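Worksheet for the structure shown next.
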Amino acid sequence: MTIFRVYDIVWDVDGASVTLPSEVEIACADMEFLPDALSDAYGWLVKDFKVCRKTRAED
């Protein structure tokens, strides 16, 4: 697993009034799975985000 720093997150909240983070660190197998990992962790889809790899986590 790799830990990614995801920032400038734009959530798809469909007009709901919710408080969600604009920046998180999240472990994920590959960058292509980040939208699913964010959705699984927070219960909302993402429209857009920026990312940088932080470190490789121990398996």
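By order of appearance in the structure tokens: chains A, B, ..., then residues from 1 within every chain, and ligands from 1 in the order shown.
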Q. Hey, what's within 8 Å of stretch 42-55 of chain A if we count only C-alpha atoms and toss same-chain stuff fewer than 4 positions away? As a ChimeraX atom specification, please?
A. /A:2-13,20,35-36,38
Q. If you run DSSP on this backbone, which residues of chain A come out as strand (DSSP E), and could you give them as a VMD selection string?
A. chain A and resid 2 to 12 23 to 28 45 to 56
Q) Between A:Ala37, A:Glu32, A:Ala27, A:Ser22, which is the closest to A:Met1 once you count only C-alpha atoms? A) A:Ala27
Q | Straight-line distance linking atom CA of A:Asp14 with atom CA of A:Phe33, stated in Å to one decimal | A | 22.0 Å
